[in-house]
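Working notes, beginning with the structure itself.
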Amino acid sequence: NMTWDTSEDDLVLNDARLLVNQDDNAVGISVDSEATSVAGLEVTGKYAINITQDISGGWAGYFFRDIAEAGSSPLVSVVNDNANNTQPSLYVANDGAGYGINIDQNGNSPALYIDSEATTVPNMQLANPVTTTASVVDLTNCSALTSGKILYLHSDSSDNSSRNLLEIFNENSSATGAVALKVRQDAAAYGISIDQNGN
C-alpha cells in the first residue's frame, strides 16, 4: 500500500515495489533535484543497485558533468570506509577484446594518480600469469609529451632501510631468452644517464 505523509509531503510505499515498464522511447524515471547538500537519489541495501544493459549500442551507466568545477569533488566517488575491509573497492571484469579501463585524458594533468600509504607493498602491482608474447605494460603511445616523462619514479623518504626503488626480477632460470633490461636510443643522446651524488 501507499501512504501520503502530509507532514513531510512524501509518498511512501509500504512493503511494496515500484515497477516501471517503459515500452516507448522515453525516460523511465526522471529525477530533477535542486538539492545542494544531499543526493538526488539514495539507495540502501545489501545489493543496493543492479544495472543490466540488455540493448546493444548503449551503456549500463553514464555520468556527465559540464561545469567549470574548481572544487575537490570528483565526478564519481567510490568510498570504502571500513579499515578492516579486505575486498576491492572497484572490480572490473572484461572478457572481450576491449580495454578493461580506458582513460582519455585531454587536460595537462596525470591521467592516473595514486596516493598510497602502503609501506611494505607496491603502490601498483601488474600481473598477467598467462601471457606469452604480450606486454604486461605497454607505454608506447606517448608522442604528445614534449617536456614531460613517460615514466617517473621519485622517492623522498629518509628511511635508511635496505630496499630497491626499482627492481627487475627474472626469477625463472629457464628464461634464457628474456632480457632483464633493454634500452634502445635512436637519438644523439645518452642511452642511460646516472647522476650519482651518494657514496
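Labels for the C-alpha cells follow display order: chains A, B, ..., residues from 1 in each chain, ligands from 1.
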task: Please identify which residues in stretch 3-198 of chain A DSSP calls strand (DSSP E) from the backbone, and express them as a list in words.
output: Thr3, Trp4, Asp5, Asp10, Leu11, Val12 and Leu13 of chain A
Could you save those same residues with C-alpha atoms as a CSV table (one decimal), in the first residue's frame?
chain,number,residue,atom,x,y,z
A,3,THR,CA,0.8,6.3,2.3
A,4,TRP,CA,0.8,10.1,1.7
A,5,ASP,CA,2.7,11.7,4.6
A,10,ASP,CA,6.1,12.4,1.0
A,11,LEU,CA,4.5,9.5,-0.9
A,12,VAL,CA,5.7,6.3,1.0
A,13,LEU,CA,5.4,2.7,-0.5
query: What is the distance between atom CA of A:Val38 and atom CA of A:Pro88, in Å to one decimal?
result: 26.2 Å
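The spacing separating atom CA of A:Phe64 from atom CA of A:Val76 amounts to 9.5 Å.
If you measure from each of A:Ser89, A:Gln22, A:Ser143, A:Thr119 to A:Ser157 using only C-alpha atoms, the closest one turns out to be A:Thr119.
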field: Residue neighbourhood stretch 160-167 of chain A, 12 Å, only C-alpha atoms, exclusion window fewer than 5 positions, as number ranges by chain
entry: A: 119-123, 151-155, 180-181
Shell of 12 Å around A:Ile51, only C-alpha atoms, local chain residues under 3 positions omitted, as a list in words: Tyr47, Ala48, Asp54, Trp59, Ala60, Gly61 and Tyr62 of chain A
How would the residues just chosen look if you wrote them out with N, CA, C and O atoms as a PDB file, in the first residue's frame?
ATOM      1  N   TYR A  47      22.446  -5.400  -1.667  1.00  0.00           N
ATOM      2  CA  TYR A  47      22.769  -5.228  -3.079  1.00  0.00           C
ATOM      3  C   TYR A  47      22.020  -3.972  -3.537  1.00  0.00           C
ATOM      4  O   TYR A  47      20.894  -4.052  -4.044  1.00  0.00           O
ATOM      5  N   ALA A  48      22.661  -2.824  -3.358  1.00  0.00           N
ATOM      6  CA  ALA A  48      21.943  -1.553  -3.482  1.00  0.00           C
ATOM      7  C   ALA A  48      21.467  -1.276  -4.900  1.00  0.00           C
ATOM      8  O   ALA A  48      20.314  -0.904  -5.114  1.00  0.00           O
ATOM      9  N   ASP A  54      20.592  -4.525 -21.666  1.00  0.00           N
ATOM     10  CA  ASP A  54      20.076  -5.609 -22.494  1.00  0.00           C
ATOM     11  C   ASP A  54      19.784  -5.172 -23.928  1.00  0.00           C
ATOM     12  O   ASP A  54      19.171  -5.925 -24.691  1.00  0.00           O
ATOM     13  N   TRP A  59      24.828   1.962 -22.943  1.00  0.00           N
ATOM     14  CA  TRP A  59      25.710   1.809 -21.798  1.00  0.00           C
ATOM     15  C   TRP A  59      24.885   1.391 -20.585  1.00  0.00           C
ATOM     16  O   TRP A  59      23.673   1.602 -20.508  1.00  0.00           O
ATOM     17  N   ALA A  60      25.575   0.818 -19.618  1.00  0.00           N
ATOM     18  CA  ALA A  60      24.917   0.432 -18.368  1.00  0.00           C
ATOM     19  C   ALA A  60      24.919   1.582 -17.365  1.00  0.00           C
ATOM     20  O   ALA A  60      24.044   1.654 -16.499  1.00  0.00           O
ATOM     21  N   GLY A  61      25.884   2.470 -17.449  1.00  0.00           N
ATOM     22  CA  GLY A  61      25.933   3.632 -16.567  1.00  0.00           C
ATOM     23  C   GLY A  61      26.632   4.787 -17.259  1.00  0.00           C
ATOM     24  O   GLY A  61      27.620   4.592 -17.976  1.00  0.00           O
ATOM     25  N   TYR A  62      26.157   5.991 -17.076  1.00  0.00           N
ATOM     26  CA  TYR A  62      26.733   7.166 -17.730  1.00  0.00           C
ATOM     27  C   TYR A  62      26.698   8.334 -16.758  1.00  0.00           C
ATOM     28  O   TYR A  62      25.640   8.673 -16.216  1.00  0.00           O
TER      29      TYR A  62
END
